[in-house]
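In what follows, a structure is listed as structure tokens, so that the remarks can point back to it.
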Amino acid sequence: MPSKTHEWLSGLVTAGRAASRPTLAQQRENAVRFAAMTPVPDGVVEDAFPGLTGALLFSPPEPRDDLVILHIHGGGFRTGTAAQARAAAGLLALRLNTRTVAPEYRLAPEHPFPAGLDDCEHAYEAVRAAYPAARIVVAGESAGAGLAASLLLRRRDAGDGAPVAGVLWSGVFDLRSENLASGSWAANAATDAMITPWLGPQMAADYLAGHSPEDPQACPALADLTGLPPLMILASGSELLRDDSVALAARAAVCGVETVLELWPHMHHAWPVFGSLLPEALEALDRTAEFVRRVDAGPFVDGSALTDDPAILALMGTSQEQAEW
């Protein structure tokens, strides 16, 4: 069962919904208001990231230099700001003792696909230049998770080996109209406190602006994911975007990508961004940090890294005849 804090927060959000659909300007104002109320975690220093307008850098007291996180904010490709990620970004920085960079990117409909993705790739390149020895975790929530997955595809195609993992919370991975009208988009309309069904077609229209939803750069659930780094995909079983995460995880597994999929019951959309406000968010951040530590330590299924062979091999010996068994 969800915590009392989660129930209170979900009830507050549901009760605060306007009877009519809010304008884009109102949605953006709400995102800025949420960001302004989000505190920087104790022990984390927030700075502007040099060379990227609006980008924020979150640093623990003595950050390591061999790992950095690029965290891409959500907002349906239409709203949101880097500052709304400060709780999650700062707490991950503390848990992993590494820097986290949260970039801004151009928003639709004024700047449709691929403008936002181009900006995220530019931010990635700036992070890579600032920390050339670091491996990079590409993370994001909601639309930011979709951008993070698309960014990983671009870096794979460029032959870039720096991304060590992808962390994708409640992601938007499939903007096809048939997806936005079926499955969890229909079944969970009454259980997702954070987003409403009309948002799906609206963000698809604004972000794609006539571009084909079959383009895997825009809809990574349709992409060949072969060669991506390990992925942690987290979503709620009660949210509208549940099936996007399930579809991406299934595709990643088929493509041979090490994949962790976690579906939490009862949670609202993108709950980890609430950081220390929610006990479930703290647990999700702990589990995310654990995943990153394991992946960063080395390939989980690399047999050559194992040191102890089963005892039966010593009993069998190493003769050619036995080897041919």
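The way I read the labels, and the way they are meant: chains A, B, ... in the order of the structure tokens, residue 1 as the first residue of every chain, and ligand 1 as the first ligand shown, with later ones counted on from there.
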Using only C-alpha atoms, find each residue of range 201-305 of chain A with at least one atom at most 12 Å away from an atom of range 61-67 of chain A; report its shortest atom-to-atom pair and that distance in Å (one decimal), sort the rows by chain and rising residue number, and return the result as JSON lines.
```
{"residue": "A:Val292", "atom": "CA", "partner": "A:Leu67", "partner_atom": "CA", "distance": 10.0}
{"residue": "A:Arg293", "atom": "CA", "partner": "A:Leu67", "partner_atom": "CA", "distance": 10.2}
{"residue": "A:Val295", "atom": "CA", "partner": "A:Leu67", "partner_atom": "CA", "distance": 11.6}
{"residue": "A:Asp296", "atom": "CA", "partner": "A:Leu67", "partner_atom": "CA", "distance": 8.5}
{"residue": "A:Ala297", "atom": "CA", "partner": "A:Leu67", "partner_atom": "CA", "distance": 11.2}
```
All residues 8 Å or closer to range 32-45 of chain A, only C-alpha atoms, same chain fewer than 2 positions away omitted, as a PDB file with all heavy atoms, in the first residue's frame:
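Produced file out.pdb, reproduced below:
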```
ATOM      1  N   ARG A  28       3.008  25.594 -17.834  1.00  0.00           N
ATOM      2  CA  ARG A  28       4.396  26.008 -17.636  1.00  0.00           C
ATOM      3  C   ARG A  28       4.567  26.776 -16.330  1.00  0.00           C
ATOM      4  O   ARG A  28       5.577  26.608 -15.638  1.00  0.00           O
ATOM      5  CB  ARG A  28       4.864  26.827 -18.834  1.00  0.00           C
ATOM      6  CG  ARG A  28       5.026  25.987 -20.098  1.00  0.00           C
ATOM      7  CD  ARG A  28       5.413  26.803 -21.308  1.00  0.00           C
ATOM      8  NE  ARG A  28       5.667  25.942 -22.457  1.00  0.00           N
ATOM      9  CZ  ARG A  28       5.926  26.372 -23.684  1.00  0.00           C
ATOM     10  NH1 ARG A  28       5.964  27.684 -23.928  1.00  0.00           N
ATOM     11  NH2 ARG A  28       6.148  25.514 -24.660  1.00  0.00           N
ATOM     12  N   GLU A  29       3.597  27.587 -15.993  1.00  0.00           N
ATOM     13  CA  GLU A  29       3.653  28.300 -14.717  1.00  0.00           C
ATOM     14  C   GLU A  29       3.630  27.316 -13.550  1.00  0.00           C
ATOM     15  O   GLU A  29       4.347  27.494 -12.558  1.00  0.00           O
ATOM     16  CB  GLU A  29       2.470  29.269 -14.615  1.00  0.00           C
ATOM     17  CG  GLU A  29       2.572  30.478 -15.539  1.00  0.00           C
ATOM     18  CD  GLU A  29       1.299  31.305 -15.529  1.00  0.00           C
ATOM     19  OE1 GLU A  29       0.381  30.974 -14.730  1.00  0.00           O
ATOM     20  OE2 GLU A  29       1.213  32.273 -16.312  1.00  0.00           O
ATOM     21  N   ASN A  30       2.821  26.282 -13.661  1.00  0.00           N
ATOM     22  CA  ASN A  30       2.763  25.274 -12.600  1.00  0.00           C
ATOM     23  C   ASN A  30       4.093  24.552 -12.447  1.00  0.00           C
ATOM     24  O   ASN A  30       4.521  24.248 -11.322  1.00  0.00           O
ATOM     25  CB  ASN A  30       1.651  24.269 -12.899  1.00  0.00           C
ATOM     26  CG  ASN A  30       0.262  24.863 -12.758  1.00  0.00           C
ATOM     27  OD1 ASN A  30       0.076  25.868 -12.072  1.00  0.00           O
ATOM     28  ND2 ASN A  30      -0.714  24.254 -13.410  1.00  0.00           N
ATOM     29  N   ASP A  47      24.912  24.782  -8.567  1.00  0.00           N
ATOM     30  CA  ASP A  47      25.566  25.834  -9.330  1.00  0.00           C
ATOM     31  C   ASP A  47      25.027  25.834 -10.750  1.00  0.00           C
ATOM     32  O   ASP A  47      24.408  24.855 -11.198  1.00  0.00           O
ATOM     33  CB  ASP A  47      27.088  25.604  -9.397  1.00  0.00           C
ATOM     34  CG  ASP A  47      27.767  25.730  -8.050  1.00  0.00           C
ATOM     35  OD1 ASP A  47      27.619  26.783  -7.417  1.00  0.00           O
ATOM     36  OD2 ASP A  47      28.449  24.772  -7.636  1.00  0.00           O
ATOM     37  N   LEU A  57      24.114  22.320 -12.029  1.00  0.00           N
ATOM     38  CA  LEU A  57      25.090  21.325 -11.594  1.00  0.00           C
ATOM     39  C   LEU A  57      24.888  21.077 -10.108  1.00  0.00           C
ATOM     40  O   LEU A  57      24.895  22.016  -9.307  1.00  0.00           O
ATOM     41  CB  LEU A  57      26.511  21.828 -11.861  1.00  0.00           C
ATOM     42  CG  LEU A  57      27.662  21.005 -11.280  1.00  0.00           C
ATOM     43  CD1 LEU A  57      27.719  19.627 -11.932  1.00  0.00           C
ATOM     44  CD2 LEU A  57      28.988  21.752 -11.460  1.00  0.00           C
ATOM     45  N   PHE A  58      24.703  19.812  -9.739  1.00  0.00           N
ATOM     46  CA  PHE A  58      24.518  19.427  -8.348  1.00  0.00           C
ATOM     47  C   PHE A  58      25.722  18.590  -7.918  1.00  0.00           C
ATOM     48  O   PHE A  58      26.018  17.561  -8.538  1.00  0.00           O
ATOM     49  CB  PHE A  58      23.224  18.631  -8.182  1.00  0.00           C
ATOM     50  CG  PHE A  58      22.013  19.376  -8.660  1.00  0.00           C
ATOM     51  CD1 PHE A  58      21.531  19.189  -9.954  1.00  0.00           C
ATOM     52  CD2 PHE A  58      21.370  20.280  -7.844  1.00  0.00           C
ATOM     53  CE1 PHE A  58      20.423  19.871 -10.408  1.00  0.00           C
ATOM     54  CE2 PHE A  58      20.260  20.990  -8.285  1.00  0.00           C
ATOM     55  CZ  PHE A  58      19.781  20.786  -9.567  1.00  0.00           C
ATOM     56  N   SER A  59      26.392  19.033  -6.850  1.00  0.00           N
ATOM     57  CA  SER A  59      27.640  18.387  -6.440  1.00  0.00           C
ATOM     58  C   SER A  59      27.614  18.041  -4.959  1.00  0.00           C
ATOM     59  O   SER A  59      27.245  18.883  -4.129  1.00  0.00           O
ATOM     60  CB  SER A  59      28.836  19.308  -6.710  1.00  0.00           C
ATOM     61  OG  SER A  59      28.896  19.692  -8.066  1.00  0.00           O
ATOM     62  N   PRO A  60      28.031  16.820  -4.589  1.00  0.00           N
ATOM     63  CA  PRO A  60      28.234  16.482  -3.182  1.00  0.00           C
ATOM     64  C   PRO A  60      29.548  17.090  -2.705  1.00  0.00           C
ATOM     65  O   PRO A  60      30.279  17.686  -3.511  1.00  0.00           O
ATOM     66  CB  PRO A  60      28.286  14.950  -3.211  1.00  0.00           C
ATOM     67  CG  PRO A  60      28.845  14.640  -4.562  1.00  0.00           C
ATOM     68  CD  PRO A  60      28.324  15.705  -5.492  1.00  0.00           C
ATOM     69  N   PRO A  61      29.890  16.958  -1.436  1.00  0.00           N
ATOM     70  CA  PRO A  61      31.092  17.629  -0.922  1.00  0.00           C
ATOM     71  C   PRO A  61      32.388  17.277  -1.651  1.00  0.00           C
ATOM     72  O   PRO A  61      33.185  18.166  -1.954  1.00  0.00           O
ATOM     73  CB  PRO A  61      31.129  17.187   0.547  1.00  0.00           C
ATOM     74  CG  PRO A  61      29.704  16.918   0.885  1.00  0.00           C
ATOM     75  CD  PRO A  61      29.097  16.344  -0.353  1.00  0.00           C
ATOM     76  N   GLY A  80       8.203  22.242 -18.216  1.00  0.00           N
ATOM     77  CA  GLY A  80       9.247  21.730 -17.345  1.00  0.00           C
ATOM     78  C   GLY A  80      10.500  22.576 -17.366  1.00  0.00           C
ATOM     79  O   GLY A  80      10.721  23.394 -18.268  1.00  0.00           O
ATOM     80  N   THR A  81      11.321  22.358 -16.364  1.00  0.00           N
ATOM     81  CA  THR A  81      12.548  23.118 -16.200  1.00  0.00           C
ATOM     82  C   THR A  81      13.564  22.271 -15.463  1.00  0.00           C
ATOM     83  O   THR A  81      13.201  21.351 -14.720  1.00  0.00           O
ATOM     84  CB  THR A  81      12.268  24.416 -15.420  1.00  0.00           C
ATOM     85  OG1 THR A  81      13.482  25.093 -15.161  1.00  0.00           O
ATOM     86  CG2 THR A  81      11.571  24.136 -14.104  1.00  0.00           C
ATOM     87  N   ALA A  83      15.247  22.925 -12.942  1.00  0.00           N
ATOM     88  CA  ALA A  83      15.150  23.065 -11.488  1.00  0.00           C
ATOM     89  C   ALA A  83      14.165  22.086 -10.870  1.00  0.00           C
ATOM     90  O   ALA A  83      14.281  21.760  -9.683  1.00  0.00           O
ATOM     91  CB  ALA A  83      14.767  24.490 -11.122  1.00  0.00           C
ATOM     92  N   GLN A  84      13.195  21.586 -11.639  1.00  0.00           N
ATOM     93  CA  GLN A  84      12.238  20.655 -11.064  1.00  0.00           C
ATOM     94  C   GLN A  84      12.889  19.319 -10.735  1.00  0.00           C
ATOM     95  O   GLN A  84      12.340  18.521  -9.959  1.00  0.00           O
ATOM     96  CB  GLN A  84      11.055  20.449 -11.999  1.00  0.00           C
ATOM     97  CG  GLN A  84      11.322  19.567 -13.201  1.00  0.00           C
ATOM     98  CD  GLN A  84      10.155  19.525 -14.169  1.00  0.00           C
ATOM     99  OE1 GLN A  84       9.517  20.527 -14.452  1.00  0.00           O
ATOM    100  NE2 GLN A  84       9.861  18.349 -14.682  1.00  0.00           N
ATOM    101  N   ALA A  85      14.075  19.065 -11.277  1.00  0.00           N
ATOM    102  CA  ALA A  85      14.784  17.813 -11.018  1.00  0.00           C
ATOM    103  C   ALA A  85      15.739  17.911  -9.839  1.00  0.00           C
ATOM    104  O   ALA A  85      16.427  16.939  -9.536  1.00  0.00           O
ATOM    105  CB  ALA A  85      15.565  17.397 -12.275  1.00  0.00           C
ATOM    106  N   ARG A  86      15.784  19.064  -9.150  1.00  0.00           N
ATOM    107  CA  ARG A  86      16.851  19.256  -8.156  1.00  0.00           C
ATOM    108  C   ARG A  86      16.779  18.264  -7.002  1.00  0.00           C
ATOM    109  O   ARG A  86      17.826  17.870  -6.478  1.00  0.00           O
ATOM    110  CB  ARG A  86      16.869  20.688  -7.629  1.00  0.00           C
ATOM    111  CG  ARG A  86      15.644  21.177  -6.933  1.00  0.00           C
ATOM    112  CD  ARG A  86      15.931  22.471  -6.142  1.00  0.00           C
ATOM    113  NE  ARG A  86      16.565  23.506  -6.912  1.00  0.00           N
ATOM    114  CZ  ARG A  86      15.959  24.583  -7.417  1.00  0.00           C
ATOM    115  NH1 ARG A  86      14.639  24.720  -7.259  1.00  0.00           N
ATOM    116  NH2 ARG A  86      16.621  25.507  -8.060  1.00  0.00           N
ATOM    117  N   ALA A  87      15.576  17.854  -6.588  1.00  0.00           N
ATOM    118  CA  ALA A  87      15.499  16.894  -5.487  1.00  0.00           C
ATOM    119  C   ALA A  87      16.091  15.552  -5.894  1.00  0.00           C
ATOM    120  O   ALA A  87      16.984  15.016  -5.228  1.00  0.00           O
ATOM    121  CB  ALA A  87      14.061  16.732  -5.027  1.00  0.00           C
ATOM    122  N   GLY A  90      19.859  15.932  -6.916  1.00  0.00           N
ATOM    123  CA  GLY A  90      20.721  16.145  -5.772  1.00  0.00           C
ATOM    124  C   GLY A  90      20.864  14.907  -4.914  1.00  0.00           C
ATOM    125  O   GLY A  90      21.967  14.580  -4.441  1.00  0.00           O
ATOM    126  N   LEU A  91      19.775  14.179  -4.703  1.00  0.00           N
ATOM    127  CA  LEU A  91      19.839  12.975  -3.879  1.00  0.00           C
ATOM    128  C   LEU A  91      20.625  11.868  -4.565  1.00  0.00           C
ATOM    129  O   LEU A  91      21.337  11.099  -3.913  1.00  0.00           O
ATOM    130  CB  LEU A  91      18.424  12.514  -3.532  1.00  0.00           C
ATOM    131  CG  LEU A  91      17.685  13.434  -2.544  1.00  0.00           C
ATOM    132  CD1 LEU A  91      16.210  13.076  -2.477  1.00  0.00           C
ATOM    133  CD2 LEU A  91      18.329  13.355  -1.165  1.00  0.00           C
ATOM    134  N   ALA A  93      23.109  12.496  -6.592  1.00  0.00           N
ATOM    135  CA  ALA A  93      24.492  12.953  -6.455  1.00  0.00           C
ATOM    136  C   ALA A  93      25.065  12.535  -5.107  1.00  0.00           C
ATOM    137  O   ALA A  93      26.216  12.082  -5.009  1.00  0.00           O
ATOM    138  CB  ALA A  93      24.558  14.471  -6.621  1.00  0.00           C
ATOM    139  N   LEU A  94      24.275  12.665  -4.048  1.00  0.00           N
ATOM    140  CA  LEU A  94      24.726  12.256  -2.722  1.00  0.00           C
ATOM    141  C   LEU A  94      24.919  10.746  -2.640  1.00  0.00           C
ATOM    142  O   LEU A  94      25.923  10.264  -2.101  1.00  0.00           O
ATOM    143  CB  LEU A  94      23.712  12.695  -1.670  1.00  0.00           C
ATOM    144  CG  LEU A  94      23.716  14.166  -1.261  1.00  0.00           C
ATOM    145  CD1 LEU A  94      22.568  14.435  -0.287  1.00  0.00           C
ATOM    146  CD2 LEU A  94      25.050  14.562  -0.639  1.00  0.00           C
TER     147      LEU A  94
END
```
Excluding Pro112 in chain A and its own-chain neighbours fewer than 5 positions away, which residues fall within 12 Å of it when counting only C-alpha atoms? Please give them as a ChimeraX atom specification. /A:76-78,105-107,117-119,203-211,218
Suppose you want the space between CA of Ala252 in chain A and CA of Leu225 in chain A; what is it in Å?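 We find that CA of Ala252 in chain A and CA of Leu225 in chain A lie 5.7 Å from each other.
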With only C-alpha atoms as the counted atoms, please give the residues lying no more than 8 Å from range 228-236 of chain A, apart from itself and same-chain residues fewer than 5 positions off, as a CSV table (one decimal) with all heavy atoms, in the first residue's frame.
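That gives us result.csv:
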```
chain,number,residue,atom,x,y,z
A,152,LEU,N,20.6,8.0,-25.9
A,152,LEU,CA,21.5,6.8,-25.9
A,152,LEU,C,21.6,6.2,-27.2
A,152,LEU,O,22.6,5.6,-27.6
A,152,LEU,CB,20.9,5.8,-24.8
A,152,LEU,CG,21.1,6.2,-23.4
A,152,LEU,CD1,20.3,5.2,-22.5
A,152,LEU,CD2,22.6,6.2,-23.0
A,153,LEU,N,20.5,6.2,-28.0
A,153,LEU,CA,20.5,5.6,-29.4
A,153,LEU,C,21.5,6.4,-30.2
A,153,LEU,O,22.3,5.9,-31.0
A,153,LEU,CB,19.1,5.6,-30.0
A,153,LEU,CG,18.1,4.6,-29.4
A,153,LEU,CD1,16.7,4.9,-29.9
A,153,LEU,CD2,18.5,3.2,-29.8
A,156,ARG,N,25.1,5.6,-29.2
A,156,ARG,CA,25.4,4.3,-29.7
A,156,ARG,C,25.8,4.4,-31.2
A,156,ARG,O,26.8,3.8,-31.6
A,156,ARG,CB,24.3,3.3,-29.5
A,156,ARG,CG,24.6,1.9,-30.1
A,156,ARG,CD,23.3,1.2,-30.4
A,156,ARG,NE,22.5,1.9,-31.5
A,156,ARG,CZ,21.3,1.5,-31.8
A,156,ARG,NH1,20.7,0.5,-31.3
A,156,ARG,NH2,20.6,2.2,-32.8
A,163,PRO,N,28.6,6.3,-22.2
A,163,PRO,CA,27.4,6.0,-21.4
A,163,PRO,C,27.5,4.6,-20.8
A,163,PRO,O,27.7,3.6,-21.5
A,163,PRO,CB,26.3,6.0,-22.5
A,163,PRO,CG,26.8,6.9,-23.6
A,163,PRO,CD,28.2,6.6,-23.6
A,164,VAL,N,27.4,4.6,-19.5
A,164,VAL,CA,27.5,3.3,-18.7
A,164,VAL,C,26.2,2.7,-18.4
A,164,VAL,O,26.0,1.6,-18.1
A,164,VAL,CB,28.4,3.5,-17.5
A,164,VAL,CG1,27.7,4.4,-16.4
A,164,VAL,CG2,28.8,2.2,-16.8
A,165,ALA,N,25.1,3.6,-18.4
A,165,ALA,CA,23.8,3.1,-18.0
A,165,ALA,C,22.7,4.1,-18.4
A,165,ALA,O,23.0,5.3,-18.6
A,165,ALA,CB,23.7,2.9,-16.5
A,166,GLY,N,21.5,3.7,-18.5
A,166,GLY,CA,20.4,4.5,-18.7
A,166,GLY,C,19.4,4.3,-17.6
A,166,GLY,O,19.1,3.2,-17.2
A,167,VAL,N,18.9,5.4,-17.0
A,167,VAL,CA,17.9,5.3,-15.9
A,167,VAL,C,16.6,6.1,-16.4
A,167,VAL,O,16.7,7.3,-16.6
A,167,VAL,CB,18.4,6.0,-14.6
A,167,VAL,CG1,17.4,6.1,-13.6
A,167,VAL,CG2,19.6,5.2,-14.1
A,168,LEU,N,15.6,5.3,-16.5
A,168,LEU,CA,14.4,5.9,-17.2
A,168,LEU,C,13.2,5.7,-16.3
A,168,LEU,O,12.7,4.6,-16.1
A,168,LEU,CB,14.2,5.1,-18.6
A,168,LEU,CG,15.4,5.0,-19.5
A,168,LEU,CD1,15.2,4.1,-20.7
A,168,LEU,CD2,15.9,6.4,-19.9
A,169,TRP,N,12.6,6.8,-15.8
A,169,TRP,CA,11.5,6.8,-14.9
A,169,TRP,C,10.2,7.2,-15.6
A,169,TRP,O,10.2,8.3,-16.2
A,169,TRP,CB,11.7,7.7,-13.7
A,169,TRP,CG,12.9,7.4,-12.9
A,169,TRP,CD1,13.4,6.1,-12.6
A,169,TRP,CD2,13.6,8.3,-12.1
A,169,TRP,NE1,14.5,6.2,-11.7
A,169,TRP,CE2,14.6,7.5,-11.4
A,169,TRP,CE3,13.6,9.7,-11.9
A,169,TRP,CZ2,15.6,8.1,-10.5
A,169,TRP,CZ3,14.5,10.3,-11.0
A,169,TRP,CH2,15.5,9.5,-10.3
A,170,SER,N,9.2,6.4,-15.7
A,170,SER,CA,7.9,6.7,-16.2
A,170,SER,C,8.0,7.4,-17.6
A,170,SER,O,7.4,8.4,-17.8
A,170,SER,CB,7.2,7.7,-15.2
A,170,SER,OG,6.9,7.1,-14.0
A,171,GLY,N,8.7,6.7,-18.5
A,171,GLY,CA,9.0,7.4,-19.7
A,171,GLY,C,8.0,7.4,-20.8
A,171,GLY,O,7.1,6.6,-20.8
A,241,LEU,N,1.3,5.8,-18.4
A,241,LEU,CA,2.5,5.5,-19.2
A,241,LEU,C,3.1,4.1,-18.9
A,241,LEU,O,4.2,3.7,-19.4
A,241,LEU,CB,3.6,6.5,-19.1
A,241,LEU,CG,3.3,7.8,-19.9
A,241,LEU,CD1,4.0,9.0,-19.4
A,241,LEU,CD2,3.7,7.6,-21.4
A,242,ARG,N,2.4,3.3,-18.1
A,242,ARG,CA,2.9,2.0,-17.7
A,242,ARG,C,3.3,1.2,-18.9
A,242,ARG,O,4.4,0.6,-19.0
A,242,ARG,CB,1.8,1.2,-17.0
A,242,ARG,CG,2.2,-0.2,-16.6
A,242,ARG,CD,1.0,-1.0,-16.2
A,242,ARG,NE,0.1,-1.2,-17.4
A,242,ARG,CZ,-1.2,-1.6,-17.3
A,242,ARG,NH1,-1.8,-1.7,-16.2
A,242,ARG,NH2,-1.9,-1.7,-18.4
A,245,SER,N,6.7,1.7,-20.7
A,245,SER,CA,7.9,1.2,-20.0
A,245,SER,C,8.0,-0.3,-20.2
A,245,SER,O,9.1,-0.9,-20.5
A,245,SER,CB,7.9,1.5,-18.5
A,245,SER,OG,8.1,2.8,-18.3
A,249,ALA,N,11.1,-2.2,-22.2
A,249,ALA,CA,11.8,-3.2,-21.5
A,249,ALA,C,11.8,-4.5,-22.3
A,249,ALA,O,12.9,-5.2,-22.4
A,249,ALA,CB,11.3,-3.4,-20.1
A,257,VAL,N,19.9,-6.3,-24.4
A,257,VAL,CA,20.3,-5.3,-23.5
A,257,VAL,C,20.0,-5.7,-22.1
A,257,VAL,O,18.9,-6.2,-21.8
A,257,VAL,CB,19.6,-3.9,-23.8
A,257,VAL,CG1,20.0,-2.9,-22.8
A,257,VAL,CG2,19.9,-3.5,-25.2
A,258,GLU,N,21.0,-5.6,-21.2
A,258,GLU,CA,20.7,-5.9,-19.8
A,258,GLU,C,19.7,-4.9,-19.3
A,258,GLU,O,19.9,-3.7,-19.3
A,258,GLU,CB,22.0,-5.8,-18.9
A,258,GLU,CG,21.8,-6.1,-17.5
A,258,GLU,CD,23.0,-5.9,-16.6
A,258,GLU,OE1,24.1,-5.9,-17.2
A,258,GLU,OE2,22.8,-5.8,-15.4
A,259,THR,N,18.5,-5.4,-18.8
A,259,THR,CA,17.4,-4.6,-18.5
A,259,THR,C,16.8,-4.9,-17.1
A,259,THR,O,16.5,-6.1,-16.8
A,259,THR,CB,16.3,-4.8,-19.6
A,259,THR,OG1,16.9,-4.5,-20.9
A,259,THR,CG2,15.2,-3.8,-19.3
A,260,VAL,N,16.6,-3.9,-16.3
A,260,VAL,CA,15.8,-4.0,-15.1
A,260,VAL,C,14.6,-3.3,-15.2
A,260,VAL,O,14.6,-2.0,-15.5
A,260,VAL,CB,16.7,-3.5,-13.9
A,260,VAL,CG1,15.8,-3.5,-12.6
A,260,VAL,CG2,17.9,-4.3,-13.7
A,261,LEU,N,13.4,-3.9,-15.1
A,261,LEU,CA,12.1,-3.3,-15.1
A,261,LEU,C,11.5,-3.4,-13.8
A,261,LEU,O,11.3,-4.5,-13.2
A,261,LEU,CB,11.2,-3.9,-16.2
A,261,LEU,CG,9.7,-3.4,-16.2
A,261,LEU,CD1,9.6,-2.0,-16.6
A,261,LEU,CD2,8.9,-4.3,-17.1
A,262,GLU,N,11.1,-2.3,-13.2
A,262,GLU,CA,10.4,-2.3,-11.9
A,262,GLU,C,9.0,-1.6,-12.1
A,262,GLU,O,9.0,-0.4,-12.5
A,262,GLU,CB,11.2,-1.6,-10.8
A,262,GLU,CG,12.4,-2.3,-10.4
A,262,GLU,CD,13.0,-1.8,-9.1
A,262,GLU,OE1,12.4,-0.9,-8.5
A,262,GLU,OE2,14.1,-2.2,-8.7
A,263,LEU,N,7.9,-2.3,-11.8
A,263,LEU,CA,6.6,-1.7,-11.8
A,263,LEU,C,6.1,-1.7,-10.4
A,263,LEU,O,5.9,-2.7,-9.8
A,263,LEU,CB,5.7,-2.6,-12.7
A,263,LEU,CG,5.9,-2.6,-14.2
A,263,LEU,CD1,5.0,-3.5,-14.9
A,263,LEU,CD2,5.8,-1.2,-14.8
A,264,TRP,N,5.9,-0.5,-9.9
A,264,TRP,CA,5.5,-0.3,-8.5
A,264,TRP,C,4.0,-0.1,-8.5
A,264,TRP,O,3.4,0.7,-9.3
A,264,TRP,CB,6.1,0.9,-7.9
A,264,TRP,CG,7.6,0.8,-7.7
A,264,TRP,CD1,8.6,0.2,-8.4
A,264,TRP,CD2,8.3,1.3,-6.5
A,264,TRP,NE1,9.8,0.3,-7.9
A,264,TRP,CE2,9.7,1.0,-6.7
A,264,TRP,CE3,7.9,2.1,-5.4
A,264,TRP,CZ2,10.6,1.4,-5.8
A,264,TRP,CZ3,8.9,2.4,-4.5
A,264,TRP,CH2,10.2,2.1,-4.7
A,265,PRO,N,3.3,-0.8,-7.6
A,265,PRO,CA,1.8,-0.6,-7.5
A,265,PRO,C,1.5,0.8,-6.9
A,265,PRO,O,2.2,1.3,-6.0
A,265,PRO,CB,1.4,-1.7,-6.6
A,265,PRO,CG,2.5,-2.0,-5.8
A,265,PRO,CD,3.8,-1.8,-6.6
A,266,HIS,N,0.3,1.3,-7.3
A,266,HIS,CA,-0.3,2.5,-6.6
A,266,HIS,C,0.4,3.8,-6.8
A,266,HIS,O,-0.2,4.8,-6.5
A,266,HIS,CB,-0.5,2.2,-5.1
A,266,HIS,CG,-1.1,0.9,-4.8
A,266,HIS,ND1,-2.3,0.5,-5.2
A,266,HIS,CD2,-0.6,-0.1,-4.0
A,266,HIS,CE1,-2.6,-0.7,-4.7
A,266,HIS,NE2,-1.6,-1.1,-4.0
A,267,MET,N,1.6,3.9,-7.3
A,267,MET,CA,2.3,5.1,-7.4
A,267,MET,C,1.7,6.0,-8.5
A,267,MET,O,1.2,5.5,-9.5
A,267,MET,CB,3.8,4.9,-7.7
A,267,MET,CG,4.6,4.2,-6.5
A,267,MET,SD,4.6,5.1,-5.0
A,267,MET,CE,3.3,4.4,-4.1
A,268,HIS,N,1.9,7.3,-8.3
A,268,HIS,CA,1.6,8.3,-9.4
A,268,HIS,C,2.8,8.4,-10.4
A,268,HIS,O,3.8,7.9,-10.1
A,268,HIS,CB,1.2,9.6,-8.8
A,268,HIS,CG,2.2,10.3,-8.0
A,268,HIS,ND1,3.4,10.7,-8.5
A,268,HIS,CD2,2.2,10.6,-6.7
A,268,HIS,CE1,4.1,11.3,-7.6
A,268,HIS,NE2,3.5,11.3,-6.5
A,269,HIS,N,2.5,9.0,-11.4
A,269,HIS,CA,3.5,9.2,-12.5
A,269,HIS,C,4.8,9.9,-12.0
A,269,HIS,O,4.7,10.9,-11.3
A,269,HIS,CB,2.9,10.0,-13.6
A,269,HIS,CG,3.8,10.4,-14.7
A,269,HIS,ND1,4.4,9.6,-15.6
A,269,HIS,CD2,4.3,11.7,-15.1
A,269,HIS,CE1,5.1,10.2,-16.4
A,269,HIS,NE2,5.1,11.5,-16.1
A,270,ALA,N,6.0,9.3,-12.3
A,270,ALA,CA,7.3,10.0,-12.0
A,270,ALA,C,7.5,10.3,-10.6
A,270,ALA,O,8.0,11.4,-10.3
A,270,ALA,CB,7.4,11.2,-12.9
A,288,THR,N,17.8,2.9,-7.5
A,288,THR,CA,18.5,3.5,-8.7
A,288,THR,C,20.0,3.5,-8.5
A,288,THR,O,20.8,3.1,-9.3
A,288,THR,CB,17.9,4.8,-9.1
A,288,THR,OG1,16.5,4.7,-9.4
A,288,THR,CG2,18.7,5.4,-10.3
A,291,PHE,N,21.5,0.1,-8.6
A,291,PHE,CA,21.7,-0.3,-9.9
A,291,PHE,C,22.9,0.3,-10.6
A,291,PHE,O,23.7,-0.4,-11.2
A,291,PHE,CB,20.4,0.0,-10.7
A,291,PHE,CG,20.6,-0.1,-12.2
A,291,PHE,CD1,20.5,-1.3,-12.8
A,291,PHE,CD2,20.8,1.0,-13.0
A,291,PHE,CE1,20.7,-1.5,-14.2
A,291,PHE,CE2,20.9,0.9,-14.4
A,291,PHE,CZ,20.8,-0.3,-15.0
A,295,VAL,N,26.3,-1.7,-12.1
A,295,VAL,CA,26.6,-1.6,-13.5
A,295,VAL,C,28.0,-0.9,-13.6
A,295,VAL,O,28.9,-1.4,-14.4
A,295,VAL,CB,25.6,-0.8,-14.3
A,295,VAL,CG1,26.1,-0.4,-15.7
A,295,VAL,CG2,24.3,-1.6,-14.3
```
Between CA of Ala289 in chain A and CA of Ile69 in chain A, what distance in Å does the model show, to one decimal?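 Spanning CA of Ala289 in chain A to CA of Ile69 in chain A is a straight-line distance of 11.0 Å.
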Quick one, how far is CA of Leu199 in chain A from CA of Leu278 in chain A? 24.8 Å
Mind the document's chain letters and residue numbers, and return as a ChimeraX atom specification the residues of range 26-238 of chain A that DSSP labels alpha helix (DSSP H). /A:26-37,86-96,115-130,143-157,177-180,184-187,199-208
Among the residues A:Val254, A:Leu222, A:Cys120, A:Val172, the one that comes closest to Leu151 in chain A [using only C-alpha atoms]: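 With only C-alpha atoms as the atom set, the closest residue is A:Cys120.
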